[in-house]
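*Asks:* If it helps, the file is called upload-v3.json and holds JSON, C-alpha atoms:
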```
[["chain", "number", "residue", "atom", "x", "y", "z"],
["A", 14, "MET", "CA", 104.43, 90.27, 106.44],
["A", 15, "PHE", "CA", 105.67, 92.89, 104.02],
["A", 16, "LYS", "CA", 109.30, 93.82, 103.40],
["A", 17, "ARG", "CA", 110.47, 96.68, 101.18],
["A", 18, "LEU", "CA", 112.91, 95.58, 98.47],
["A", 19, "PRO", "CA", 115.86, 97.76, 97.45],
["A", 20, "GLN", "CA", 115.15, 99.95, 94.45],
["A", 21, "PRO", "CA", 117.35, 100.20, 91.38],
["A", 22, "GLU", "CA", 119.55, 103.26, 91.42],
["A", 23, "GLN", "CA", 118.39, 106.06, 89.13],
["A", 24, "VAL", "CA", 116.32, 103.90, 86.79],
["A", 25, "ASN", "CA", 114.59, 106.18, 84.29],
["A", 26, "SER", "CA", 112.80, 103.41, 82.43],
["A", 27, "VAL", "CA", 112.05, 99.75, 82.82],
["A", 28, "GLY", "CA", 111.86, 96.86, 80.47],
["A", 29, "PHE", "CA", 110.09, 93.56, 80.67],
["A", 30, "ILE", "CA", 111.24, 90.27, 79.26],
["A", 31, "LEU", "CA", 108.03, 88.34, 78.72],
["A", 32, "ILE", "CA", 108.55, 84.58, 78.89],
["A", 33, "LEU", "CA", 105.89, 82.45, 77.21],
["A", 34, "GLY", "CA", 105.74, 78.68, 77.22],
["A", 35, "SER", "CA", 103.57, 75.70, 77.97],
["A", 36, "PHE", "CA", 103.15, 74.68, 81.57],
["A", 37, "ASP", "CA", 103.77, 70.97, 81.34],
["A", 38, "PRO", "CA", 106.15, 69.96, 84.17],
["A", 39, "GLN", "CA", 109.30, 69.74, 82.00],
["A", 40, "THR", "CA", 108.80, 73.05, 80.22],
["A", 41, "LYS", "CA", 107.68, 74.80, 83.42],
["A", 42, "GLU", "CA", 110.98, 73.85, 85.06],
["A", 43, "ILE", "CA", 112.88, 75.36, 82.11],
["A", 44, "LEU", "CA", 110.77, 78.54, 82.28],
["A", 45, "PHE", "CA", 111.45, 78.98, 86.01],
["A", 46, "LYS", "CA", 115.20, 78.37, 85.58],
["A", 47, "LEU", "CA", 115.30, 80.93, 82.76],
["A", 48, "LYS", "CA", 113.40, 83.48, 84.84],
["A", 49, "ARG", "CA", 115.62, 82.91, 87.89],
["A", 50, "GLY", "CA", 118.76, 83.29, 85.77],
["A", 51, "LEU", "CA", 117.51, 86.52, 84.18],
["A", 52, "SER", "CA", 116.44, 87.86, 87.59],
["A", 53, "LYS", "CA", 119.83, 87.06, 89.07],
["A", 54, "GLU", "CA", 121.68, 88.66, 86.15],
["A", 55, "TYR", "CA", 119.53, 91.79, 85.78],
["A", 56, "GLY", "CA", 117.94, 92.25, 89.22],
["A", 57, "GLY", "CA", 117.93, 95.88, 90.32],
["A", 58, "SER", "CA", 118.63, 97.19, 86.83],
["A", 59, "GLY", "CA", 115.05, 97.95, 85.83],
["A", 60, "ILE", "CA", 114.68, 94.75, 83.81],
["A", 61, "TYR", "CA", 111.86, 92.47, 84.94],
["A", 62, "PRO", "CA", 111.55, 88.93, 83.56],
["A", 63, "ILE", "CA", 107.86, 87.99, 83.65],
["A", 64, "LEU", "CA", 106.13, 84.62, 83.45],
["A", 65, "LEU", "CA", 102.61, 85.49, 82.34],
["A", 66, "ASP", "CA", 100.97, 82.66, 84.27],
["A", 67, "GLU", "CA", 102.71, 83.65, 87.53],
["A", 68, "THR", "CA", 101.99, 87.40, 87.36],
["A", 69, "GLU", "CA", 98.84, 89.42, 87.97],
["A", 70, "ALA", "CA", 98.47, 93.07, 87.04],
["A", 71, "TYR", "CA", 96.28, 95.66, 88.76],
["A", 72, "LYS", "CA", 95.30, 99.20, 87.92],
["A", 73, "PHE", "CA", 95.24, 101.19, 91.18],
["A", 74, "GLY", "CA", 94.29, 104.81, 90.57],
["A", 75, "ASN", "CA", 97.08, 106.10, 88.38],
["A", 76, "LEU", "CA", 99.43, 103.26, 89.32],
["A", 77, "ILE", "CA", 100.15, 99.84, 87.86],
["A", 78, "VAL", "CA", 100.89, 97.10, 90.41],
["A", 79, "LEU", "CA", 102.37, 93.75, 89.42],
["A", 80, "GLU", "CA", 101.92, 90.80, 91.75],
["A", 81, "GLU", "CA", 104.58, 88.23, 90.94],
["A", 82, "LYS", "CA", 104.05, 84.82, 92.54],
["A", 83, "LEU", "CA", 107.29, 83.43, 93.96],
["A", 84, "SER", "CA", 105.85, 80.51, 95.92],
["A", 85, "TYR", "CA", 102.57, 79.40, 97.45],
["A", 86, "LYS", "CA", 102.58, 82.19, 100.06],
["A", 87, "THR", "CA", 105.24, 84.64, 98.83],
["A", 88, "VAL", "CA", 104.80, 87.37, 96.22],
["A", 89, "ASN", "CA", 106.71, 90.37, 94.96],
["A", 90, "LEU", "CA", 104.66, 93.54, 94.52],
["A", 91, "HIS", "CA", 106.11, 96.00, 92.01],
["A", 92, "VAL", "CA", 104.50, 99.45, 91.89],
["A", 93, "PHE", "CA", 104.89, 101.54, 88.74],
["A", 94, "SER", "CA", 103.63, 104.90, 87.56],
["A", 95, "GLU", "CA", 101.31, 104.94, 84.53],
["A", 96, "ASP", "CA", 104.32, 105.52, 82.30],
["A", 97, "MET", "CA", 105.95, 102.40, 83.86],
["A", 98, "LEU", "CA", 108.58, 104.10, 86.01],
["A", 99, "PRO", "CA", 109.33, 102.06, 89.14],
["A", 100, "ILE", "CA", 108.08, 103.52, 92.41],
["A", 101, "GLU", "CA", 108.43, 100.75, 95.01],
["A", 102, "SER", "CA", 108.89, 97.00, 95.26],
["A", 103, "TYR", "CA", 107.94, 94.81, 98.20],
["A", 104, "ILE", "CA", 108.03, 91.16, 99.10],
["A", 105, "TYR", "CA", 104.98, 89.80, 100.91],
["A", 106, "THR", "CA", 104.81, 86.57, 102.86],
["A", 107, "GLY", "CA", 101.40, 85.33, 103.96],
["A", 108, "THR", "CA", 97.93, 85.16, 102.50],
["A", 109, "LEU", "CA", 97.36, 88.15, 100.25],
["A", 110, "SER", "CA", 93.75, 89.26, 99.95],
["A", 111, "LEU", "CA", 92.60, 92.24, 97.92],
["A", 112, "ASP", "CA", 91.71, 94.05, 101.18],
["A", 113, "ASN", "CA", 95.15, 93.83, 102.82],
["A", 114, "PHE", "CA", 96.79, 94.46, 99.41],
["A", 115, "GLU", "CA", 94.83, 97.74, 99.12],
["A", 116, "LYS", "CA", 95.39, 98.74, 102.76],
["A", 117, "PHE", "CA", 99.11, 98.07, 102.54],
["A", 118, "LEU", "CA", 99.52, 100.23, 99.43],
["A", 119, "LYS", "CA", 97.40, 103.06, 100.80],
["A", 120, "ASP", "CA", 99.35, 103.02, 104.09],
["A", 121, "ARG", "CA", 102.78, 103.14, 102.45],
["A", 122, "LEU", "CA", 102.51, 105.05, 99.20],
["A", 123, "ASP", "CA", 102.32, 108.82, 98.82],
["A", 124, "PRO", "CA", 98.58, 109.71, 98.79],
["A", 125, "GLU", "CA", 99.17, 111.98, 95.79],
["A", 126, "LEU", "CA", 100.06, 108.86, 93.76],
["A", 127, "ILE", "CA", 96.67, 107.26, 94.39],
["A", 128, "TYR", "CA", 93.28, 108.71, 93.61],
["A", 129, "GLN", "CA", 91.42, 109.26, 96.88],
["A", 130, "ASN", "CA", 88.72, 106.63, 96.32],
["A", 131, "ALA", "CA", 90.78, 104.27, 94.16],
["A", 132, "THR", "CA", 90.57, 100.53, 94.66],
["A", 133, "PRO", "CA", 92.80, 97.97, 92.93],
["A", 134, "GLN", "CA", 91.21, 96.59, 89.76],
["A", 135, "LYS", "CA", 92.60, 93.31, 88.49],
["A", 136, "MET", "CA", 93.33, 93.47, 84.76],
["A", 137, "ASN", "CA", 91.65, 90.80, 82.68],
["A", 138, "VAL", "CA", 93.84, 88.53, 80.59],
["A", 139, "ILE", "CA", 93.53, 90.62, 77.39],
["A", 140, "HIS", "CA", 94.43, 93.90, 79.15],
["A", 141, "LYS", "CA", 97.29, 92.11, 80.94],
["A", 142, "LEU", "CA", 98.59, 90.75, 77.62],
["A", 143, "ASP", "CA", 98.29, 94.19, 76.00],
["A", 144, "ALA", "CA", 100.16, 95.86, 78.88],
["A", 145, "PHE", "CA", 102.99, 93.32, 78.86],
["A", 146, "PHE", "CA", 103.31, 93.26, 75.08],
["A", 147, "GLU", "CA", 103.47, 97.06, 75.05],
["A", 148, "ALA", "CA", 106.10, 97.26, 77.81],
["A", 149, "SER", "CA", 108.26, 94.26, 76.84],
["A", 150, "PHE", "CA", 111.43, 94.82, 74.90],
["A", 151, "SER", "CA", 111.86, 91.09, 74.45],
["A", 152, "ILE", "CA", 109.45, 88.16, 74.21],
["A", 153, "LEU", "CA", 110.88, 84.68, 74.65],
["A", 154, "VAL", "CA", 108.83, 81.69, 73.53],
["A", 155, "ILE", "CA", 109.94, 78.32, 74.88],
["A", 156, "ARG", "CA", 108.50, 75.30, 73.07],
["A", 157, "HIS", "CA", 110.19, 72.34, 74.71],
["A", 158, "ARG", "CA", 107.55, 69.67, 74.08],
["A", 159, "HIS", "CA", 105.35, 69.40, 71.03],
["A", 160, "GLU", "CA", 102.57, 67.45, 72.77],
["A", 161, "THR", "CA", 101.07, 70.58, 74.36],
["A", 162, "ARG", "CA", 98.29, 72.69, 72.85],
["A", 163, "GLY", "CA", 100.54, 75.62, 71.90],
["A", 164, "GLY", "CA", 98.94, 78.41, 73.95],
["A", 165, "GLU", "CA", 102.25, 80.29, 73.92],
["A", 166, "ILE", "CA", 102.07, 80.42, 70.11],
["A", 167, "ALA", "CA", 98.52, 81.80, 70.29],
["A", 168, "GLU", "CA", 99.71, 84.48, 72.75],
["A", 169, "LEU", "CA", 102.59, 85.39, 70.46],
["A", 170, "MET", "CA", 100.24, 85.60, 67.44],
["A", 171, "TYR", "CA", 97.95, 87.91, 69.46],
["A", 172, "ALA", "CA", 100.98, 90.16, 70.10],
["A", 173, "LEU", "CA", 101.76, 90.32, 66.40],
["A", 174, "VAL", "CA", 98.24, 91.12, 65.15],
["A", 175, "ARG", "CA", 96.96, 93.46, 67.86]]
```
Translate this file's structure into structure tokens.

*Replies:*
Amino acid sequence: MFKRLPQPEQVNSVGFILILGSFDPQTKEILFKLKRGLSKEYGGSGIYPILLDETEAYKFGNLIVLEEKLSYKTVNLHVFSEDMLPIESYIYTGTLSLDNFEKFLKDRLDPELIYQNATPQKMNVIHKLDAFFEASFSILVIRHRHETRGGEIAELMYALVR
């Protein structure tokens, strides 16, 4: 089931707060609390807190679609123009396959926004990192436990040297 989410009023640009951290149980809980707090504070203002591990990005014609996992069977879908202006946001409950994802978007979005034969293409991890690093105005790195492998530090280093 899809439900349209209210759109921010007159948002001319968006910003992402990229949250990086290890996914051990203790740190993951901190990351989710931080994301929920930021979402509650800035929801509807064009600011999107993003947990990299919980978000997929798709190129769909000339659109960018973010699939943000909220729970096992619930996701937010955020649709942006190529220059990252928000177009629509939806919440989806159920099993989301690429086929019903594509059909839903084609049924609801203005056909002029989507190339006629476009299909959603999932961005690989490097393209996803590049897109988020480019669009983020803030990157938060949470290092709660030192026993983890430090993948969040590697991601941050990639952002600095790319």

*Asks:* Calculated over all atoms listed in the file, which of the candidates A:Ser52, A:Ser151, A:Gln39, A:Thr68 has the smallest distance to A:Met136?

*Replies:* A:Thr68

*Asks:* Residues near A:Lys119, anyone? I mean within 10 Å using all atoms listed in the file, not counting same-chain ones fewer than 6 positions away, as a ChimeraX atom specification.

*Replies:* /A:113,126-127,129,131-132

*Asks:* Choose the residue, out of A:Thr106, A:Gly59, A:Lys72, A:Glu168, that has the smallest atom-to-atom separation from A:Phe146; count only C-alpha atoms.

*Replies:*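 The answer is A:Glu168, which sits nearest to A:Phe146.
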
*Asks:* Measuring between all atoms listed in the file, which one of A:Val154, A:Leu31, A:Val78, A:Ile63 shows the shortest distance to A:Tyr103?

*Replies:*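 Once distances to A:Tyr103 are computed over all atoms listed in the file, the minimum belongs to A:Val78.
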
*Asks:* Just checking: using all atoms listed in the file, which residue out of A:Gly57, A:Pro124, A:Pro99, A:Pro133 ends up closest to A:Leu111?

*Replies:*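 Closest residue, counting all atoms listed in the file: A:Pro133.
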
*Asks:* Using only C-alpha atoms, find the one residue out of A:Val27, A:Leu64, A:Ala148, A:Leu118 that sits nearest to A:Leu83.

*Replies:*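 Of the candidates, the smallest distance to A:Leu83 is held by A:Leu64.
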
*Asks:* Restricting the calculation to all atoms listed in the file: of A:Met97, A:Leu109, A:Leu51, A:Val88, which residue gets closest to A:Leu76?

*Replies:*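 So, comparing all the options, the nearest one is A:Met97.
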
*Asks:* I'd like the contact shell of A:Val92 - 6 Å cut-off, all atoms listed in the file, skipping same-chain residues fewer than 5 positions apart - returned as an MDAnalysis selection string.

*Replies:* chainID A and resid 77:78 100:101

*Asks:* Expressed in Å to a single decimal, how great is the separation between atom CA of A:Pro38 and atom CA of A:Glu54?

*Replies:*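 Rounded to one decimal, the two atoms are 24.4 Å apart.
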
*Asks:* For the atom pair atom CA of A:Lys53 and atom CA of A:Asp123, what is the interatomic distance in Å to one decimal place?

*Replies:*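 So the two atoms, atom CA of A:Lys53 and atom CA of A:Asp123, lie 29.6 Å apart.
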
*Asks:* So how many Å separate atom CA of A:Ser35 and atom CA of A:Lys86, to one decimal?

*Replies:*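 Taking atom CA of A:Ser35 and atom CA of A:Lys86, their separation equals 23.0 Å.
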
*Asks:* Using 4 Å of padding on each side, determine the axis-aligned box around all atoms of stretch 41-45 of chain A present in the file and give its centre and edge lengths in Å to one decimal, as AutoDock Vina command-line options.

*Replies:*
```
--center_x 110.3 --center_y 76.4 --center_z 84.1 --size_x 13.2 --size_y 13.1 --size_z 11.9
```

*Asks:* Some atoms are missing, so please complete stretch 34-62 of chain A with N, CA and C atoms and return it as an mmCIF file, keeping the file's coordinate frame.

*Replies:*
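Just written: out_32.cif:
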```cif
data_model
loop_
_atom_site.group_PDB
_atom_site.id
_atom_site.type_symbol
_atom_site.label_atom_id
_atom_site.label_comp_id
_atom_site.auth_asym_id
_atom_site.auth_seq_id
_atom_site.Cartn_x
_atom_site.Cartn_y
_atom_site.Cartn_z
ATOM 1 N N GLY A 34 105.460 80.093 77.429
ATOM 2 C CA GLY A 34 105.740 78.680 77.220
ATOM 3 C C GLY A 34 104.617 77.850 77.789
ATOM 4 N N SER A 35 104.598 76.580 77.429
ATOM 5 C CA SER A 35 103.570 75.700 77.970
ATOM 6 C C SER A 35 103.918 75.374 79.420
ATOM 7 N N PHE A 36 102.935 74.940 80.163
ATOM 8 C CA PHE A 36 103.150 74.680 81.570
ATOM 9 C C PHE A 36 103.085 73.206 81.916
ATOM 10 N N ASP A 37 103.551 72.365 80.975
ATOM 11 C CA ASP A 37 103.770 70.970 81.340
ATOM 12 C C ASP A 37 104.966 70.954 82.287
ATOM 13 N N PRO A 38 105.113 69.942 83.134
ATOM 14 C CA PRO A 38 106.150 69.960 84.170
ATOM 15 C C PRO A 38 107.577 70.189 83.646
ATOM 16 N N GLN A 39 107.939 69.582 82.518
ATOM 17 C CA GLN A 39 109.300 69.740 82.000
ATOM 18 C C GLN A 39 109.553 71.169 81.507
ATOM 19 N N THR A 40 108.617 71.695 80.745
ATOM 20 C CA THR A 40 108.800 73.050 80.220
ATOM 21 C C THR A 40 108.719 74.071 81.345
ATOM 22 N N LYS A 41 107.820 73.867 82.296
ATOM 23 C CA LYS A 41 107.680 74.800 83.420
ATOM 24 C C LYS A 41 108.990 74.918 84.185
ATOM 25 N N GLU A 42 109.680 73.814 84.377
ATOM 26 C CA GLU A 42 110.980 73.850 85.060
ATOM 27 C C GLU A 42 111.982 74.698 84.275
ATOM 28 N N ILE A 43 111.987 74.556 82.962
ATOM 29 C CA ILE A 43 112.880 75.360 82.110
ATOM 30 C C ILE A 43 112.519 76.846 82.218
ATOM 31 N N LEU A 44 111.219 77.151 82.180
ATOM 32 C CA LEU A 44 110.770 78.540 82.280
ATOM 33 C C LEU A 44 111.219 79.176 83.589
ATOM 34 N N PHE A 45 111.054 78.440 84.704
ATOM 35 C CA PHE A 45 111.450 78.980 86.010
ATOM 36 C C PHE A 45 112.959 79.159 86.109
ATOM 37 N N LYS A 46 113.735 78.224 85.563
ATOM 38 C CA LYS A 46 115.200 78.370 85.580
ATOM 39 C C LYS A 46 115.619 79.585 84.761
ATOM 40 N N LEU A 47 114.999 79.775 83.600
ATOM 41 C CA LEU A 47 115.300 80.930 82.760
ATOM 42 C C LEU A 47 114.966 82.229 83.491
ATOM 43 N N LYS A 48 113.809 82.279 84.103
ATOM 44 C CA LYS A 48 113.400 83.480 84.840
ATOM 45 C C LYS A 48 114.346 83.763 85.998
ATOM 46 N N ARG A 49 114.687 82.730 86.770
ATOM 47 C CA ARG A 49 115.620 82.910 87.890
ATOM 48 C C ARG A 49 116.977 83.417 87.401
ATOM 49 N N GLY A 50 117.472 82.849 86.311
ATOM 50 C CA GLY A 50 118.760 83.290 85.770
ATOM 51 C C GLY A 50 118.723 84.742 85.313
ATOM 52 N N LEU A 51 117.655 85.124 84.628
ATOM 53 C CA LEU A 51 117.510 86.520 84.180
ATOM 54 C C LEU A 51 117.372 87.457 85.377
ATOM 55 N N SER A 52 116.612 87.039 86.390
ATOM 56 C CA SER A 52 116.440 87.860 87.590
ATOM 57 C C SER A 52 117.771 88.055 88.308
ATOM 58 N N LYS A 53 118.530 86.989 88.403
ATOM 59 C CA LYS A 53 119.830 87.060 89.070
ATOM 60 C C LYS A 53 120.778 87.984 88.307
ATOM 61 N N GLU A 54 120.777 87.866 86.990
ATOM 62 C CA GLU A 54 121.680 88.660 86.150
ATOM 63 C C GLU A 54 121.292 90.137 86.105
ATOM 64 N N TYR A 55 119.987 90.421 86.019
ATOM 65 C CA TYR A 55 119.530 91.790 85.780
ATOM 66 C C TYR A 55 118.773 92.415 86.941
ATOM 67 N N GLY A 56 118.660 91.716 88.073
ATOM 68 C CA GLY A 56 117.940 92.250 89.220
ATOM 69 C C GLY A 56 118.465 93.615 89.638
ATOM 70 N N GLY A 57 117.554 94.535 89.903
ATOM 71 C CA GLY A 57 117.930 95.880 90.320
ATOM 72 C C GLY A 57 118.311 96.813 89.200
ATOM 73 N N SER A 58 118.233 96.349 87.956
ATOM 74 C CA SER A 58 118.630 97.190 86.830
ATOM 75 C C SER A 58 117.443 97.782 86.077
ATOM 76 N N GLY A 59 116.230 97.477 86.537
ATOM 77 C CA GLY A 59 115.050 97.950 85.830
ATOM 78 C C GLY A 59 114.550 96.983 84.783
ATOM 79 N N ILE A 60 115.127 95.783 84.741
ATOM 80 C CA ILE A 60 114.680 94.750 83.810
ATOM 81 C C ILE A 60 113.948 93.687 84.619
ATOM 82 N N TYR A 61 112.718 93.392 84.212
ATOM 83 C CA TYR A 61 111.860 92.470 84.940
ATOM 84 C C TYR A 61 111.482 91.291 84.044
ATOM 85 N N PRO A 62 112.031 90.102 84.300
ATOM 86 C CA PRO A 62 111.550 88.930 83.560
ATOM 87 C C PRO A 62 110.189 88.505 84.121
#
```
